[in-house]
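In what follows, a single structure is set out as structure tokens and then discussed.
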Amino acid sequence: MLDIKTIRENPDLVKTGALNKNDKCDIDKVLALDEKRREIIHQVEALKGERNTASGEIAKKKKAGENADDAIAAMRAVGDKISALDESQRQVDQELNELMAWIPNMPHESVPVGADESANVIIREWGEIVKPKFKVLPHWEIGEKLDILDLAGGAKISGSGFYVLKGAGAKLQRALIAYMLDLHSADGFLEVSVPHIVTADTMYGTGQLPKLADDMYQTDDGGMFLIPTAEVPVTNLYKKEIIDHDKLPVKMVAHTPCFRREAGAAGKDTRGMIRVHQFDKVEMVMIVKPDESYDHLETLTAQAEKVLQGLKIPYRVSTLATGDLSFAAAKCYDIELWSSGIERYLEISSISNFEDFQTRRMQCRYRNEDRKVTYPHTLNGSGVALARLIPAILENYQNEDGTITIPDVLQPYMHGTVRIG
């Protein structure tokens, strides 16, 4: 959530930022409500001063043995006015908070301005794309041919957009999870295991609610939600807490399933595992000092890249344009890996800096070196998602005889298995 002071002092900047994110939030209405709220507070303070003065006069009259009934009646009338204004302020506060919850985070000044992903800027590439001399089968074909991927089984038990991994396929996923958790833990990330169902307040804290409610799976009463990413429960571990400055940066990593309706993505990438409603992911979360957050964005991106470099899968890194940024992010890098079966890049990780947008919503604060309590910055990044990493391995490590070579770094986790076939 943005600071109302920022909106009040820089309305045109906030309007431009929201517009560049293709968001139609009503900043003028927010400013009008803020002005109304401040006017009510001014009136209440004046009336409280009047009531205090009257109270003193009543005490004097009573001490002097004089009749104070009229003064008491007048003071009660002032009290009634204060109560009415307090109720008005409560209503204004509620409406203001509801509108504030829909205002997106402002893009960082270094983010390229553009309406959609076509304006994203590729900043580096890694690895060499080698075109095999044989036809590489897409993962849904080779996976079913090797009997390690069962798309029909997933559809049978849960509907379209779900998959089943079997045998070596399930073992490959388990190996990838262990490899990534070990890699990140060795680099100082604390591994945590968190609930996969969270409260609406928790979803609000990281910015999924109310904006993205249609993409979420929720209980019938709307009070609990299946997590769309480990970012939600992991970041909220510090909800309503004050962290001492010497405990920063906080670095955490978790493996969880992720659940997304993908309501706005109908008809896109429907084949195989590329766009599904449930998938596993290893997620990294950081809580850091504000003046260090953009340095940490670079190191967190490098940490996600380290996964793909270990697997020797070509990838590229892009800076997202304003129109492709998420609701809560101030700046984001996307990592896309090369998938040789479909011959295109697939997004595998997003690494985002949210600045203090999430910590304000969560009421997560820190005590700085001057003992002042303020808001830290949060970052997260996929480290990485399995539903696109597994297809990339099945395609990039595919052999002419239809077998799949296991990447070197995964072989210890596969108990010596070097090939699926």
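Chain labels run A, B, ... following the order of the structure tokens; each chain numbers its residues from 1, and ligands are numbered from 1 in the order shown.
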
Could you pull out all residues of range 80-266 of chain A with a DSSP call of strand (DSSP E) and give them as JSON, numbers by chain? {"A": [121, 122, 123, 124, 125, 126, 149, 150, 164, 165, 190, 191, 197, 198, 199, 224, 225, 226, 242, 243, 244, 250, 251, 252, 253, 254, 255, 256, 257, 258, 259]}

Need the shell around range 33-40 of chain A: protein/DNA/RNA residues with any atom at most 7 Å away, counting only C-alpha atoms. Skip same-chain ones fewer than 6 positions apart. Format as number ranges by chain? A: 85, 89, 92, 96

Can I get the selection written as a PDB file, in the first residue's frame, with N, CA and C atoms?
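So out.pdb came out as:
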```
ATOM      1  N   LEU A  85     -19.323  12.903  14.543  1.00  0.00           N
ATOM      2  CA  LEU A  85     -18.162  13.086  13.673  1.00  0.00           C
ATOM      3  C   LEU A  85     -17.242  11.862  13.702  1.00  0.00           C
ATOM      4  N   GLN A  89     -16.063   9.811  10.542  1.00  0.00           N
ATOM      5  CA  GLN A  89     -14.663   9.503  10.243  1.00  0.00           C
ATOM      6  C   GLN A  89     -14.470   7.996  10.038  1.00  0.00           C
ATOM      7  N   VAL A  92     -15.586   7.243   6.572  1.00  0.00           N
ATOM      8  CA  VAL A  92     -14.638   7.779   5.598  1.00  0.00           C
ATOM      9  C   VAL A  92     -13.362   6.930   5.585  1.00  0.00           C
ATOM     10  N   LEU A  96     -11.900   5.048   2.431  1.00  0.00           N
ATOM     11  CA  LEU A  96     -10.557   5.433   1.991  1.00  0.00           C
ATOM     12  C   LEU A  96      -9.636   4.214   1.941  1.00  0.00           C
TER      13      LEU A  96
END
```

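CA of Asn236 in chain A is positioned 20.2 Å from CA of Cys332 in chain A.
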
Write out as a VMD selection string the residues lying within 10 Å of range 404-418 of chain A, counting only C-alpha atoms and excluding same-chain residues fewer than 2 positions away. chain A and resid 142 to 143 146 168 171 to 180 307 310 to 313 393 to 402 420 to 421

Export of prior selection with C-alpha atoms as a short mmCIF file (atom, residue, chain, number, x, y, z; two decimals), in the first residue's frame:
```cif
data_model
loop_
_atom_site.label_atom_id
_atom_site.label_comp_id
_atom_site.auth_asym_id
_atom_site.auth_seq_id
_atom_site.Cartn_x
_atom_site.Cartn_y
_atom_site.Cartn_z
CA ILE A 142 8.10 -37.38 -24.81
CA GLY A 143 6.69 -37.38 -21.26
CA LEU A 146 8.22 -42.49 -21.51
CA ALA A 168 11.07 -41.18 -12.98
CA LYS A 171 11.49 -38.63 -8.93
CA LEU A 172 12.90 -35.91 -11.21
CA GLN A 173 10.64 -33.31 -9.59
CA ARG A 174 11.68 -34.43 -6.11
CA ALA A 175 15.34 -34.23 -7.14
CA LEU A 176 14.92 -30.71 -8.51
CA ILE A 177 13.24 -29.53 -5.32
CA ALA A 178 16.03 -30.97 -3.16
CA TYR A 179 18.72 -29.52 -5.45
CA MET A 180 17.23 -26.02 -5.31
CA VAL A 307 19.82 -22.73 -10.51
CA GLY A 310 23.88 -25.46 -12.58
CA LEU A 311 21.44 -27.27 -14.85
CA LYS A 312 23.19 -25.82 -17.93
CA ILE A 313 19.95 -24.60 -19.51
CA ILE A 393 14.79 -30.66 -19.05
CA LEU A 394 12.68 -33.17 -20.98
CA GLU A 395 13.28 -31.19 -24.17
CA ASN A 396 16.80 -29.78 -23.76
CA TYR A 397 18.24 -33.06 -22.46
CA GLN A 398 16.39 -35.24 -24.94
CA ASN A 399 18.43 -37.74 -26.97
CA GLU A 400 17.84 -39.03 -30.50
CA ASP A 401 16.86 -42.48 -29.15
CA GLY A 402 14.03 -40.93 -27.12
CA ILE A 420 15.32 -41.84 -18.27
CA GLY A 421 14.26 -44.27 -20.95
#
```

From the set A:Asp86, A:Asp23, A:Glu343, A:Asp356, which residue has the shortest atom-to-atom contact distance to Ala329 in chain A, counting only C-alpha atoms? A:Asp356

What lies within 9 Å of Pro290 in chain A using only C-alpha atoms, ignoring chain neighbours under 5 positions off, as JSON, numbers by chain? {"A": [355, 356, 375, 376, 377, 378]}

For Ile58 in chain A, which residue out of A:Ala321, A:Leu149, A:Val232, A:Ile72 is the nearest one, using only C-alpha atoms?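 Checking each of A:Ala321, A:Leu149, A:Val232, A:Ile72 against Ile58 in chain A, counting only C-alpha atoms, the winner is A:Ile72.
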
Using backbone DSSP assignments, extract all helix (DSSP H, G or I) residues from range 255-409 of chain A; output them as a PyMOL selection string. chain A and resi 290-311+322-324+357-362+386-396+408-409

Close residues, range 11-14 of chain A itself excluded, 8 Å, only C-alpha atoms, min 5 positions apart in chain, as a list in words: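 The neighbour list is Thr6, Ile27 and Met106 of chain A.
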
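Proximity of A:Phe225, A:Met252, A:Ile129, A:Val194 to Leu337 in chain A, computed with only C-alpha atoms, is greatest for A:Ile129.
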
Find the residue from A:Leu99, A:Thr374, A:Lys63, A:Ile41 that sits nearest to Asp28 in chain A; use only C-alpha atoms when measuring.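 Using only C-alpha atoms, the shortest distance to Asp28 in chain A belongs to A:Leu99.
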